[in-house]
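*Asks:* First, the structure itself, so that you have it in front of you.
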Amino acid sequence: MCEVIVTRKATGPALDYWLSLLSGHTDAVQDLLEDPDNLIHPNALFDTSDVEEWRNYRYNPTALRIWSLTYEEELTCPLYITASRGYIDCLQLLLRKGADVDFAPSGETALHGACENSQTECVRALLSYGANPNAECQEGLFPLHHCKTSESYHCAKLLLQYGAYINNQTEDEGLTPLHVAARHGLLENVDLYLRHGATIDKRDVQGETPLIVACSQPQSPTELERYHQVCQRLIQGGANIKARDNDQQSPLHLACKSANPQVVEMLLAHGAEVNTMSYSGNTAMQNILQVTSYKLQNQPEVIVRALLNHGAVRVWPGALIKVLRYCYSSPRTVEVLLNTYSKLKGTEDWAEAVPEEEQRKHPRFFQSVFSLSRSPRSLQHLCRCALRYHLEGRLAQSLPRLPLPPSLLQFLQLRFEGVLY
């Protein structure tokens with residue numbers, strides 16, 4: 001049994017009920033439910049089809065329906081409204097009054113709404129009243145898939161305690177809860193899911209594992225450490241670092257594209273293949289060089305150095321002019337690339353590739369770059385190149401074992417110096 005409220009503009013008890021639910025006014029809701037003349041029901045349907053921003057009633061507190069040339073039915077119910085807003089007292093009142101805990105007129109249950117908004121106490125109340133932790137919404141998502149923020153950890157924990165399936169996949173994208181947690185950089189959720197038996201290398205429809213998903217996310221400088229911890233936990237849990245998605249992109253390809261130095265260095269340390277190509281023909285080195293100019297705060301030069309120290313194929317000398325054109329805003333990236341060659345013959349085009357403004361910002365460095373065609377490299381640099389060439393393919397393993405002073409070891413590993421010689 002339910003009362004359907006679909007008037008163009010609600011009035012009387014219907015309007016009072018709507019506003020009381022939106023504001024979480026428990027006493028008012030109780031009075032309305034207990035008044036036999038109102039015909040108000042805990043499972044009432046509200047048609048919000050034409051109400052913009054209905055969840056924030058301040059924009060239009062009286063309208064439930066506004067006239068429109070088109071009509072697409074969008075329904076909600078009291079339980080969903082209160083659960084998604086965290087009105088625990090009002091929610092418990094509705095449950096005691098017999099509200100259907102799995103009622104889903106919008107396609108989502110109240111449990112979906114509570115999880116989406118990280119309302120832990122509401123999740124607890126709904127589950128204690130028998131809410132289905134494995135209810136699938138109209139879009140093919142389960143409550144665990146709505147746990148997308150750090151505050152959602154306790155919601156996810158409750159769902160699992162009440163029997164949520166850890167490896168449920170979404171209908172359209174094939175995402176598991178572990179994919180979702182990895183995408184949003186939620187270390188606690190990732191750890192929780194792995195402890196509850198999440199399949200660590202489950203693939204979505206794009207062929208992406210959770211590790212690939214975590215590596216591929218755009219990351220600001222403040223998010224780098226968070227995603228590094230997530231990737232570290234996945235690798236500790238046995239994630240395959242050599243997995244490829246449908247485009248043959250590995251975690252290393254995507255970590256370079258998102259420019260996370262810590263993740264790149266960790267993948268390389270665990271044996272990631274540095275020179276493999278995706279379907280588009282890109283290597284990890286090409287991916288980082290393509291994003292260098294707009295990922296400066298992520299320190300792309302550190303990634304380029306790490307790739308070179310793990311055996312990445314160098315840029316063809318004839319293409320170095322392109323590197324200057326696209327990477328001049330990161331002099332250290334240019335420096336580390338050029339320091340892998342024992343000899344280079346620069347041309348007048350090199351100077352033309354770098355805007356004068358950038359040359360004025362780093363005069364000593366760019367002057368040393370443009371002078372490469374006029375003088376040989378220093379003996380010290382030539383010795384470095386000779387030793388690196390001798391250890392080719394074993395650099396990462398061999399250099400740290402050499403009995404050398406730290407400063408010399410850093411020099412061999414392409415320490416940044418701000419000048420070429």
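Labeling convention for the structure tokens: chains A, B, ... as they appear, residues from 1 per chain, ligands from 1 in order of appearance.
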Name the residues of segment 279-337 of chain A that fall into helix (DSSP H, G or I) according to DSSP on the backbone, using the chain letters and numbers of this document, as an MDAnalysis selection string.
*Replies:* chainID A and resid 284:294 296:298 300:309 317:327 331:337
*Asks:* Between A:Gln299, A:Asp89, A:Gln138, A:Asn189, which one has atoms that come closest to Ser220 of chain A, using only C-alpha atoms?
*Replies:* A:Gln299
*Asks:* In Å, how far is it from atom CA of Pro78 of chain A to atom CA of Glu171 of chain A?
*Replies:* 27.1 Å
*Asks:* Can you pull out the residues contacting Met277 of chain A? Cut-off 12 Å, using only C-alpha atoms, and skip same-chain residues under 5 positions away; I want them as a list in words.
*Replies:*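 Answer for this query is Arg244, Asp247, Gln248, Gln249, Ser250, Leu252, His253, Leu254, Asn282, Thr283, Ala284, Met285, Gln286, Asn287, Ala312 and Val313 of chain A.
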*Asks:* For the residues selected in the previous step, produce a file with N, CA and C atoms as a compact mmCIF listing (two decimals), in the first residue's frame.
*Replies:*
```
# COMPACT_ATOMS: atom_id res chain seq x y z
N ARG A 244 47.59 -6.19 -19.11
CA ARG A 244 47.31 -5.22 -20.17
C ARG A 244 45.81 -5.06 -20.33
N ASP A 247 43.54 -2.06 -24.81
CA ASP A 247 44.40 -1.28 -25.70
C ASP A 247 45.87 -1.63 -25.50
N GLN A 248 46.11 -2.74 -24.79
CA GLN A 248 47.47 -3.22 -24.53
C GLN A 248 48.29 -2.22 -23.71
N GLN A 249 47.62 -1.47 -22.86
CA GLN A 249 48.32 -0.56 -21.96
C GLN A 249 48.53 -1.24 -20.61
N SER A 250 49.75 -1.18 -20.13
CA SER A 250 50.10 -1.77 -18.84
C SER A 250 49.96 -0.73 -17.74
N LEU A 252 52.31 0.48 -16.08
CA LEU A 252 53.40 1.43 -16.27
C LEU A 252 53.05 2.47 -17.32
N HIS A 253 52.45 2.04 -18.43
CA HIS A 253 52.00 2.99 -19.45
C HIS A 253 51.12 4.07 -18.82
N LEU A 254 50.18 3.63 -18.01
CA LEU A 254 49.16 4.54 -17.49
C LEU A 254 49.68 5.37 -16.33
N ASN A 282 52.70 3.40 -28.47
CA ASN A 282 53.37 4.20 -27.46
C ASN A 282 54.08 3.32 -26.43
N THR A 283 55.25 3.75 -26.04
CA THR A 283 55.95 3.17 -24.89
C THR A 283 55.66 4.05 -23.67
N ALA A 284 56.11 3.60 -22.51
CA ALA A 284 55.95 4.39 -21.29
C ALA A 284 56.67 5.74 -21.43
N MET A 285 57.84 5.74 -22.07
CA MET A 285 58.59 6.99 -22.25
C MET A 285 57.81 7.98 -23.11
N GLN A 286 57.21 7.50 -24.17
CA GLN A 286 56.42 8.40 -25.01
C GLN A 286 55.24 8.97 -24.25
N ASN A 287 54.63 8.16 -23.39
CA ASN A 287 53.48 8.65 -22.62
C ASN A 287 53.86 9.79 -21.69
N ALA A 312 65.04 2.08 -20.55
CA ALA A 312 64.16 2.59 -21.59
C ALA A 312 64.97 2.97 -22.83
N VAL A 313 64.42 2.66 -24.00
CA VAL A 313 65.07 3.03 -25.24
C VAL A 313 65.12 4.55 -25.36
```
*Asks:* Which residue out of A:His145, A:His270, A:Arg203, A:His179 has the minimum interatomic distance to Gln232 of chain A when only C-alpha atoms are used?
*Replies:* A:His270
*Asks:* Please provide as a count of residues only all residues within 7 Å of Ile166 of chain A, with the sequence filter that same-chain residues fewer than 2 positions apart are discarded (counting only C-alpha atoms).
*Replies:* 5
